[in-house]
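Q: I'm passing along upload29.pdb; it holds PDB, C-alpha atoms, pLDDT in the B column.
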```pdb
ATOM      1  CA  MET A   1     -53.582  12.046  31.324  1.00 53.00           C
ATOM      2  CA  PRO A   2     -52.977  10.757  34.819  1.00 56.00           C
ATOM      3  CA  GLY A   3     -49.350  10.154  35.848  1.00 57.00           C
ATOM      4  CA  ARG A   4     -47.808  12.620  33.393  1.00 56.00           C
ATOM      5  CA  SER A   5     -46.807  16.186  33.996  1.00 54.00           C
ATOM      6  CA  ARG A   6     -46.768  19.094  31.635  1.00 56.00           C
ATOM      7  CA  LYS A   7     -43.543  20.734  30.550  1.00 57.00           C
ATOM      8  CA  ARG A   8     -42.566  23.955  32.209  1.00 54.00           C
ATOM      9  CA  GLY A   9     -43.033  27.016  30.115  1.00 52.00           C
ATOM     10  CA  ARG A  10     -45.885  29.338  29.514  1.00 54.00           C
ATOM     11  CA  HIS A  11     -48.311  26.843  31.038  1.00 52.00           C
ATOM     12  CA  GLY A  12     -46.777  27.215  34.507  1.00 51.00           C
ATOM     13  CA  SER A  13     -45.198  24.603  36.747  1.00 52.00           C
ATOM     14  CA  PRO A  14     -46.015  20.927  36.336  1.00 52.00           C
ATOM     15  CA  THR A  15     -48.944  19.720  38.326  1.00 52.00           C
ATOM     16  CA  ALA A  16     -48.562  16.929  40.826  1.00 49.00           C
ATOM     17  CA  THR A  17     -51.121  14.168  40.753  1.00 51.00           C
ATOM     18  CA  SER A  18     -52.290  11.996  43.569  1.00 51.00           C
ATOM     19  CA  GLU A  19     -50.646   8.933  41.969  1.00 56.00           C
ATOM     20  CA  HIS A  20     -47.137  10.390  42.113  1.00 56.00           C
ATOM     21  CA  PRO A  21     -46.338  12.440  45.174  1.00 57.00           C
ATOM     22  CA  PRO A  22     -43.648  15.075  44.783  1.00 58.00           C
ATOM     23  CA  ALA A  23     -40.084  13.811  45.153  1.00 59.00           C
ATOM     24  CA  PRO A  24     -38.252  14.788  48.320  1.00 58.00           C
ATOM     25  CA  THR A  25     -35.786  17.616  47.836  1.00 61.00           C
ATOM     26  CA  ALA A  26     -32.108  17.270  48.632  1.00 58.00           C
ATOM     27  CA  ALA A  27     -30.474  19.181  51.454  1.00 57.00           C
ATOM     28  CA  PRO A  28     -29.554  22.689  50.359  1.00 57.00           C
ATOM     29  CA  ALA A  29     -25.953  23.265  49.340  1.00 57.00           C
ATOM     30  CA  PRO A  30     -23.789  25.440  51.543  1.00 56.00           C
ATOM     31  CA  ALA A  31     -24.369  29.098  50.833  1.00 56.00           C
ATOM     32  CA  ARG A  32     -21.936  30.739  48.431  1.00 55.00           C
ATOM     33  CA  ARG A  33     -21.412  34.374  47.833  1.00 57.00           C
ATOM     34  CA  GLU A  34     -22.728  35.690  44.552  1.00 57.00           C
ATOM     35  CA  GLY A  35     -20.047  35.977  41.855  1.00 54.00           C
ATOM     36  CA  VAL A  36     -17.437  33.927  43.742  1.00 55.00           C
ATOM     37  CA  ARG A  37     -16.283  30.644  42.223  1.00 54.00           C
ATOM     38  CA  ASP A  38     -13.651  28.061  43.009  1.00 54.00           C
ATOM     39  CA  ALA A  39     -10.174  28.897  41.725  1.00 55.00           C
ATOM     40  CA  GLN A  40      -9.896  25.424  40.157  1.00 59.00           C
ATOM     41  CA  SER A  41     -13.183  25.345  38.238  1.00 58.00           C
ATOM     42  CA  PRO A  42     -13.939  27.350  35.076  1.00 58.00           C
ATOM     43  CA  PRO A  43     -17.119  29.416  34.833  1.00 60.00           C
ATOM     44  CA  ALA A  44     -20.215  27.326  34.237  1.00 61.00           C
ATOM     45  CA  HIS A  45     -20.708  28.685  30.703  1.00 68.00           C
ATOM     46  CA  LEU A  46     -17.166  27.745  29.564  1.00 63.00           C
ATOM     47  CA  PRO A  47     -15.986  24.157  28.932  1.00 67.00           C
ATOM     48  CA  ARG A  48     -12.936  22.927  30.833  1.00 70.00           C
ATOM     49  CA  GLU A  49      -9.667  23.184  28.957  1.00 73.00           C
ATOM     50  CA  SER A  50      -7.940  19.858  28.348  1.00 82.00           C
ATOM     51  CA  ARG A  51      -4.214  19.276  28.776  1.00 84.00           C
ATOM     52  CA  SER A  52      -3.700  19.114  25.009  1.00 85.00           C
ATOM     53  CA  GLU A  53      -5.504  22.443  24.534  1.00 84.00           C
ATOM     54  CA  ALA A  54      -3.321  23.998  27.225  1.00 83.00           C
ATOM     55  CA  ARG A  55      -0.185  22.640  25.534  1.00 83.00           C
ATOM     56  CA  ASN A  56      -1.376  23.941  22.145  1.00 77.00           C
ATOM     57  CA  ALA A  57      -1.986  27.375  23.670  1.00 80.00           C
ATOM     58  CA  GLU A  58       1.557  27.400  25.088  1.00 82.00           C
ATOM     59  CA  ILE A  59       3.002  26.494  21.676  1.00 78.00           C
ATOM     60  CA  ARG A  60       0.902  29.173  19.929  1.00 76.00           C
ATOM     61  CA  ALA A  61       2.210  31.747  22.398  1.00 79.00           C
ATOM     62  CA  THR A  62       5.797  31.003  21.285  1.00 80.00           C
ATOM     63  CA  LEU A  63       5.040  31.437  17.563  1.00 79.00           C
ATOM     64  CA  ARG A  64       5.768  34.689  15.788  1.00 84.00           C
ATOM     65  CA  PRO A  65       4.998  35.639  12.181  1.00 81.00           C
ATOM     66  CA  TYR A  66       7.798  35.542   9.627  1.00 81.00           C
ATOM     67  CA  ALA A  67       9.588  38.777   8.878  1.00 83.00           C
ATOM     68  CA  PRO A  68       9.361  40.066   5.291  1.00 84.00           C
ATOM     69  CA  GLY A  69      11.852  38.147   3.161  1.00 84.00           C
ATOM     70  CA  GLU A  70      12.450  35.481   5.824  1.00 87.00           C
ATOM     71  CA  ARG A  71      12.473  31.912   4.464  1.00 91.00           C
ATOM     72  CA  PRO A  72      13.107  28.907   6.688  1.00 93.00           C
ATOM     73  CA  ALA A  73      15.380  26.180   5.339  1.00 94.00           C
ATOM     74  CA  ILE A  74      12.546  23.647   5.039  1.00 95.00           C
ATOM     75  CA  VAL A  75      10.668  25.978   2.671  1.00 95.00           C
ATOM     76  CA  ILE A  76      13.756  26.403   0.475  1.00 95.00           C
ATOM     77  CA  VAL A  77      14.272  22.628   0.402  1.00 96.00           C
ATOM     78  CA  SER A  78      10.586  22.034  -0.371  1.00 95.00           C
ATOM     79  CA  ALA A  79      10.616  24.586  -3.198  1.00 96.00           C
ATOM     80  CA  ALA A  80      13.739  22.958  -4.665  1.00 96.00           C
ATOM     81  CA  ILE A  81      12.171  19.492  -4.434  1.00 95.00           C
ATOM     82  CA  ALA A  82       8.955  20.679  -6.096  1.00 94.00           C
ATOM     83  CA  ALA A  83      10.840  22.399  -8.930  1.00 96.00           C
ATOM     84  CA  GLY A  84      13.192  19.425  -9.328  1.00 95.00           C
ATOM     85  CA  LEU A  85      10.321  16.946  -9.513  1.00 92.00           C
ATOM     86  CA  ALA A  86       8.504  19.094 -12.084  1.00 94.00           C
ATOM     87  CA  LEU A  87      11.594  19.402 -14.281  1.00 95.00           C
ATOM     88  CA  ALA A  88      12.491  15.711 -13.927  1.00 93.00           C
ATOM     89  CA  ASN A  89       8.933  14.795 -14.865  1.00 92.00           C
ATOM     90  CA  LEU A  90       9.027  16.981 -17.995  1.00 93.00           C
ATOM     91  CA  ILE A  91      12.525  15.881 -19.038  1.00 93.00           C
ATOM     92  CA  SER A  92      11.739  12.182 -18.634  1.00 91.00           C
ATOM     93  CA  TRP A  93       8.557  12.590 -20.684  1.00 91.00           C
ATOM     94  CA  LEU A  94      10.437  14.474 -23.420  1.00 91.00           C
ATOM     95  CA  ALA A  95      13.140  11.790 -23.399  1.00 90.00           C
ATOM     96  CA  GLY A  96      10.468   9.185 -24.149  1.00 86.00           C
ATOM     97  CA  VAL A  97      10.529   7.224 -20.904  1.00 85.00           C
ATOM     98  CA  LYS A  98       7.771   4.611 -20.899  1.00 82.00           C
ATOM     99  CA  ILE A  99       5.673   3.568 -17.912  1.00 79.00           C
ATOM    100  CA  ASN A 100       4.430  -0.034 -18.064  1.00 78.00           C
ATOM    101  CA  GLY A 101       5.452  -0.147 -21.709  1.00 81.00           C
ATOM    102  CA  GLU A 102       3.487   2.945 -22.745  1.00 83.00           C
ATOM    103  CA  HIS A 103       4.374   6.580 -23.263  1.00 81.00           C
ATOM    104  CA  PRO A 104       2.259   8.637 -20.780  1.00 84.00           C
ATOM    105  CA  ALA A 105      -0.244  11.186 -22.072  1.00 86.00           C
ATOM    106  CA  ALA A 106       1.010  14.754 -22.412  1.00 87.00           C
ATOM    107  CA  THR A 107      -1.906  16.326 -20.553  1.00 91.00           C
ATOM    108  CA  GLY A 108      -1.258  14.419 -17.316  1.00 89.00           C
ATOM    109  CA  ILE A 109       2.461  15.190 -17.404  1.00 90.00           C
ATOM    110  CA  LEU A 110       1.929  18.871 -18.193  1.00 92.00           C
ATOM    111  CA  ILE A 111      -0.761  19.366 -15.535  1.00 93.00           C
ATOM    112  CA  PHE A 112       1.246  17.627 -12.805  1.00 90.00           C
ATOM    113  CA  SER A 113       4.410  19.530 -13.742  1.00 93.00           C
ATOM    114  CA  ALA A 114       2.506  22.837 -13.777  1.00 94.00           C
ATOM    115  CA  VAL A 115       1.071  22.125 -10.313  1.00 92.00           C
ATOM    116  CA  LEU A 116       4.542  21.318  -8.968  1.00 93.00           C
ATOM    117  CA  LEU A 117       6.046  24.454 -10.538  1.00 95.00           C
ATOM    118  CA  ALA A 118       3.208  26.561  -9.088  1.00 94.00           C
ATOM    119  CA  CYS A 119       3.899  25.006  -5.665  1.00 93.00           C
ATOM    120  CA  ALA A 120       7.609  25.760  -6.014  1.00 95.00           C
ATOM    121  CA  GLY A 121       6.909  29.405  -6.905  1.00 95.00           C
ATOM    122  CA  GLY A 122       4.352  29.795  -4.128  1.00 95.00           C
ATOM    123  CA  LEU A 123       6.677  28.194  -1.583  1.00 94.00           C
ATOM    124  CA  TRP A 124       9.442  30.575  -2.597  1.00 94.00           C
ATOM    125  CA  GLN A 125       7.063  33.535  -2.146  1.00 93.00           C
ATOM    126  CA  MET A 126       5.932  32.119   1.243  1.00 92.00           C
ATOM    127  CA  ARG A 127       2.263  31.775   0.247  1.00 92.00           C
ATOM    128  CA  SER A 128       0.207  29.759   2.740  1.00 91.00           C
ATOM    129  CA  GLY A 129      -1.913  28.239  -0.042  1.00 93.00           C
ATOM    130  CA  ALA A 130       1.195  26.876  -1.755  1.00 93.00           C
ATOM    131  CA  VAL A 131       2.491  25.441   1.518  1.00 94.00           C
ATOM    132  CA  LEU A 132      -0.867  23.781   2.116  1.00 94.00           C
ATOM    133  CA  GLY A 133      -0.967  22.465  -1.460  1.00 93.00           C
ATOM    134  CA  PHE A 134       2.545  21.036  -1.192  1.00 94.00           C
ATOM    135  CA  MET A 135       1.644  19.453   2.150  1.00 95.00           C
ATOM    136  CA  THR A 136      -1.357  17.846   0.455  1.00 94.00           C
ATOM    137  CA  LEU A 137       0.871  16.448  -2.294  1.00 93.00           C
ATOM    138  CA  MET A 138       3.274  15.072   0.336  1.00 94.00           C
ATOM    139  CA  ALA A 139       0.390  13.373   2.163  1.00 95.00           C
ATOM    140  CA  ILE A 140      -0.862  11.828  -1.086  1.00 94.00           C
ATOM    141  CA  ILE A 141       2.660  10.642  -1.956  1.00 93.00           C
ATOM    142  CA  ALA A 142       3.079   9.093   1.501  1.00 95.00           C
ATOM    143  CA  VAL A 143      -0.228   7.219   1.162  1.00 96.00           C
ATOM    144  CA  LEU A 144       0.523   6.027  -2.385  1.00 94.00           C
ATOM    145  CA  PHE A 145       3.975   4.757  -1.477  1.00 94.00           C
ATOM    146  CA  THR A 146       2.499   3.013   1.562  1.00 94.00           C
ATOM    147  CA  LEU A 147       0.282   1.117  -0.877  1.00 94.00           C
ATOM    148  CA  PHE A 148       3.318   0.423  -3.081  1.00 91.00           C
ATOM    149  CA  LEU A 149       5.149  -0.892  -0.019  1.00 91.00           C
ATOM    150  CA  ILE A 150       2.364  -3.414   0.549  1.00 91.00           C
ATOM    151  CA  GLU A 151       2.808  -4.679  -3.014  1.00 88.00           C
ATOM    152  CA  ALA A 152       6.629  -4.565  -3.038  1.00 86.00           C
ATOM    153  CA  SER A 153       7.977  -7.803  -4.505  1.00 88.00           C
ATOM    154  CA  ASN A 154      11.682  -7.200  -3.892  1.00 92.00           C
ATOM    155  CA  VAL A 155      13.986  -5.414  -1.459  1.00 93.00           C
ATOM    156  CA  LEU A 156      14.664  -2.475  -3.798  1.00 92.00           C
ATOM    157  CA  GLY A 157      10.936  -1.773  -4.137  1.00 89.00           C
ATOM    158  CA  ALA A 158      10.503  -1.853  -0.358  1.00 93.00           C
ATOM    159  CA  VAL A 159      13.519   0.428   0.253  1.00 94.00           C
ATOM    160  CA  VAL A 160      12.386   2.984  -2.336  1.00 93.00           C
ATOM    161  CA  ALA A 161       8.834   2.989  -0.948  1.00 93.00           C
ATOM    162  CA  LEU A 162      10.082   3.414   2.632  1.00 95.00           C
ATOM    163  CA  ALA A 163      12.431   6.234   1.591  1.00 95.00           C
ATOM    164  CA  MET A 164       9.609   8.105  -0.147  1.00 94.00           C
ATOM    165  CA  ILE A 165       7.289   7.642   2.848  1.00 95.00           C
ATOM    166  CA  VAL A 166       9.942   8.991   5.228  1.00 96.00           C
ATOM    167  CA  VAL A 167      10.841  11.996   3.039  1.00 95.00           C
ATOM    168  CA  ALA A 168       7.217  12.932   2.294  1.00 95.00           C
ATOM    169  CA  GLY A 169       6.216  12.521   5.941  1.00 95.00           C
ATOM    170  CA  TYR A 170       9.181  14.562   7.170  1.00 96.00           C
ATOM    171  CA  LEU A 171       8.426  17.423   4.771  1.00 95.00           C
ATOM    172  CA  PHE A 172       4.741  17.329   5.693  1.00 95.00           C
ATOM    173  CA  PHE A 173       5.314  17.585   9.439  1.00 95.00           C
ATOM    174  CA  LYS A 174       8.056  20.211   9.176  1.00 94.00           C
ATOM    175  CA  LEU A 175       5.774  22.391   7.059  1.00 94.00           C
ATOM    176  CA  VAL A 176       2.977  22.321   9.673  1.00 92.00           C
ATOM    177  CA  ARG A 177       4.794  24.864  11.857  1.00 88.00           C
ATOM    178  CA  VAL A 178       5.669  26.974   8.804  1.00 91.00           C
ATOM    179  CA  LEU A 179       1.994  27.061   7.815  1.00 91.00           C
ATOM    180  CA  SER A 180       0.903  28.040  11.311  1.00 87.00           C
ATOM    181  CA  ARG A 181       3.397  30.921  11.384  1.00 86.00           C
ATOM    182  CA  LEU A 182       2.329  32.059   7.897  1.00 88.00           C
ATOM    183  CA  GLN A 183      -1.310  32.221   8.970  1.00 84.00           C
ATOM    184  CA  MET A 184      -0.633  34.306  12.079  1.00 77.00           C
ATOM    185  CA  PRO A 185      -1.871  37.886  11.984  1.00 74.00           C
ATOM    186  CA  ARG A 186       0.875  40.416  11.543  1.00 68.00           C
ATOM    187  CA  GLY A 187       1.363  42.665  14.563  1.00 62.00           C
ATOM    188  CA  GLY A 188       1.361  46.313  13.940  1.00 49.00           C
TER     189      GLY A 188
END
```
Could you render the structure as structure tokens?
A:
Amino acid sequence: MPGRSRKRGRHGSPTATSEHPPAPTAAPAPARREGVRDAQSPPAHLPRESRSEARNAEIRATLRPYAPGERPAIVIVSAAIAAGLALANLISWLAGVKINGEHPAATGILIFSAVLLACAGGLWQMRSGAVLGFMTLMAIIAVLFTLFLIEASNVLGAVVALAMIVVAGYLFFKLVRVLSRLQMPRGG
């Protein structure tokens, strides 16, 4: 096919045709010594590190794993909240509280209470899976109460929704650092 060249590879270099003369070559770059690179530029095989990656690396360097038996205050508060919510959920169901005029099903109440009690126990034992699970519940609660805030028809509904969003969001973001320290390898 005239005007097209073959790919480089086992067939050799592309052939030039009379229709398309070879392109002029650029002036050669100044000679550099082998193995020497600019102090500012990373090696060609590594991507450049962004400012956020550099900041994250600095923060990671300051983290240390928790000592055995060490519990930060936010974990104690989170475990107490999880246990309190589970018990309040069970007690209100046993007391016969109705939601939208109906008594809720036992299976939903028992499963949710069991999950919260498992989170409380795992938080107390400083298990990273429990911290992650509780963080997931806090994110879901924040999203649900954001939707409730959109539908709030009075000031009390808006205040309660905002309070739940703030508390769930605060717990979520405070537990991020706890989770990162729990997942660090122990030195030894």
Q: Figure out the distance between CA of Trp93 in chain A and CA of Leu117 in chain A, please, to one decimal in Å.
A: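 Spanning CA of Leu117 in chain A to CA of Trp93 in chain A is a straight-line distance of 15.8 Å.
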Q: How many Å lie between CA of Ile91 in chain A and CA of Leu149 in chain A, rounded to one decimal?
A: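 Calculated distance between CA of Ile91 in chain A and CA of Leu149 in chain A is 26.4 Å.
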Q: Provide the CA of Ala88 in chain A to CA of Leu144 in chain A distance in Å, to one decimal place.
A: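 So the two atoms, CA of Ala88 in chain A and CA of Leu144 in chain A, lie 19.2 Å apart.
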Q: Please identify every residue of range 66-91 of chain A that has at least one atom no farther than 9 Å from an atom of range 157-171 of chain A, counting all atoms listed in the file, and for each give the shortest atom pair and the distance in Å to one decimal, arranged by chain then increasing number, as a Markdown table.
A:
```
| residue | atom | partner | partner_atom | distance |
| --- | --- | --- | --- | --- |
| A:Ile74 | CA | A:Leu171 | CA | 7.5 |
| A:Val77 | CA | A:Leu171 | CA | 9.0 |
| A:Ser78 | CA | A:Leu171 | CA | 7.2 |
```
Q: Run the PyMOL selection byres ((chain A and resi 75) around 10) against the file shown and list the residues it catches, as a list of chain:residue names.
A: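 Output of the PyMOL selection byres ((chain A and resi 75) around 10): A:Arg71, A:Pro72, A:Ala73, A:Ile74, A:Ile76, A:Val77, A:Ser78, A:Ala79, A:Ala80, A:Ile81, A:Ala120, A:Leu123, A:Trp124, A:Gln125, A:Met126, A:Val131, A:Leu171, A:Lys174, A:Leu175, A:Val178.
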Q: Kindly provide, as JSON, the centre and edge lengths (Å, one decimal) of an axis-aligned box around all atoms of range 126-133 of chain A given in the file, with 5 Å on each side.
A:
```
{"center_x": 2.0, "center_y": 27.3, "center_z": 0.5, "size_x": 17.8, "size_y": 19.7, "size_z": 14.5}
```
Q: I'd like to see the residues matched by the PyMOL selection byres ((chain A and resi 109) around 12) on this file, and ideally I'd get them as a PDB file with C-alpha atoms, in the frame of the given file.
A:
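Just written: part29.pdb:
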```
ATOM      1  CA  LEU A  85      10.321  16.946  -9.513  1.00 92.00           C
ATOM      2  CA  ALA A  86       8.504  19.094 -12.084  1.00 94.00           C
ATOM      3  CA  LEU A  87      11.594  19.402 -14.281  1.00 95.00           C
ATOM      4  CA  ALA A  88      12.491  15.711 -13.927  1.00 93.00           C
ATOM      5  CA  ASN A  89       8.933  14.795 -14.865  1.00 92.00           C
ATOM      6  CA  LEU A  90       9.027  16.981 -17.995  1.00 93.00           C
ATOM      7  CA  ILE A  91      12.525  15.881 -19.038  1.00 93.00           C
ATOM      8  CA  SER A  92      11.739  12.182 -18.634  1.00 91.00           C
ATOM      9  CA  TRP A  93       8.557  12.590 -20.684  1.00 91.00           C
ATOM     10  CA  LEU A  94      10.437  14.474 -23.420  1.00 91.00           C
ATOM     11  CA  VAL A  97      10.529   7.224 -20.904  1.00 85.00           C
ATOM     12  CA  HIS A 103       4.374   6.580 -23.263  1.00 81.00           C
ATOM     13  CA  PRO A 104       2.259   8.637 -20.780  1.00 84.00           C
ATOM     14  CA  ALA A 105      -0.244  11.186 -22.072  1.00 86.00           C
ATOM     15  CA  ALA A 106       1.010  14.754 -22.412  1.00 87.00           C
ATOM     16  CA  THR A 107      -1.906  16.326 -20.553  1.00 91.00           C
ATOM     17  CA  GLY A 108      -1.258  14.419 -17.316  1.00 89.00           C
ATOM     18  CA  LEU A 110       1.929  18.871 -18.193  1.00 92.00           C
ATOM     19  CA  ILE A 111      -0.761  19.366 -15.535  1.00 93.00           C
ATOM     20  CA  PHE A 112       1.246  17.627 -12.805  1.00 90.00           C
ATOM     21  CA  SER A 113       4.410  19.530 -13.742  1.00 93.00           C
ATOM     22  CA  ALA A 114       2.506  22.837 -13.777  1.00 94.00           C
ATOM     23  CA  VAL A 115       1.071  22.125 -10.313  1.00 92.00           C
ATOM     24  CA  LEU A 116       4.542  21.318  -8.968  1.00 93.00           C
TER      25      LEU A 116
END
```
Q: Expand the PyMOL selection byres ((chain A and resi 183) around 12) into the explicit residue set it covers here, and present it as a list in words.
A: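 Expected selection for the PyMOL selection byres ((chain A and resi 183) around 12) here is Arg60, Leu63, Arg64, Pro65, Tyr66, Met126, Arg127, Ser128, Gly129, Val131, Leu132, Val176, Arg177, Val178, Leu179, Ser180, Arg181, Leu182, Met184, Pro185 and Arg186 of chain A.
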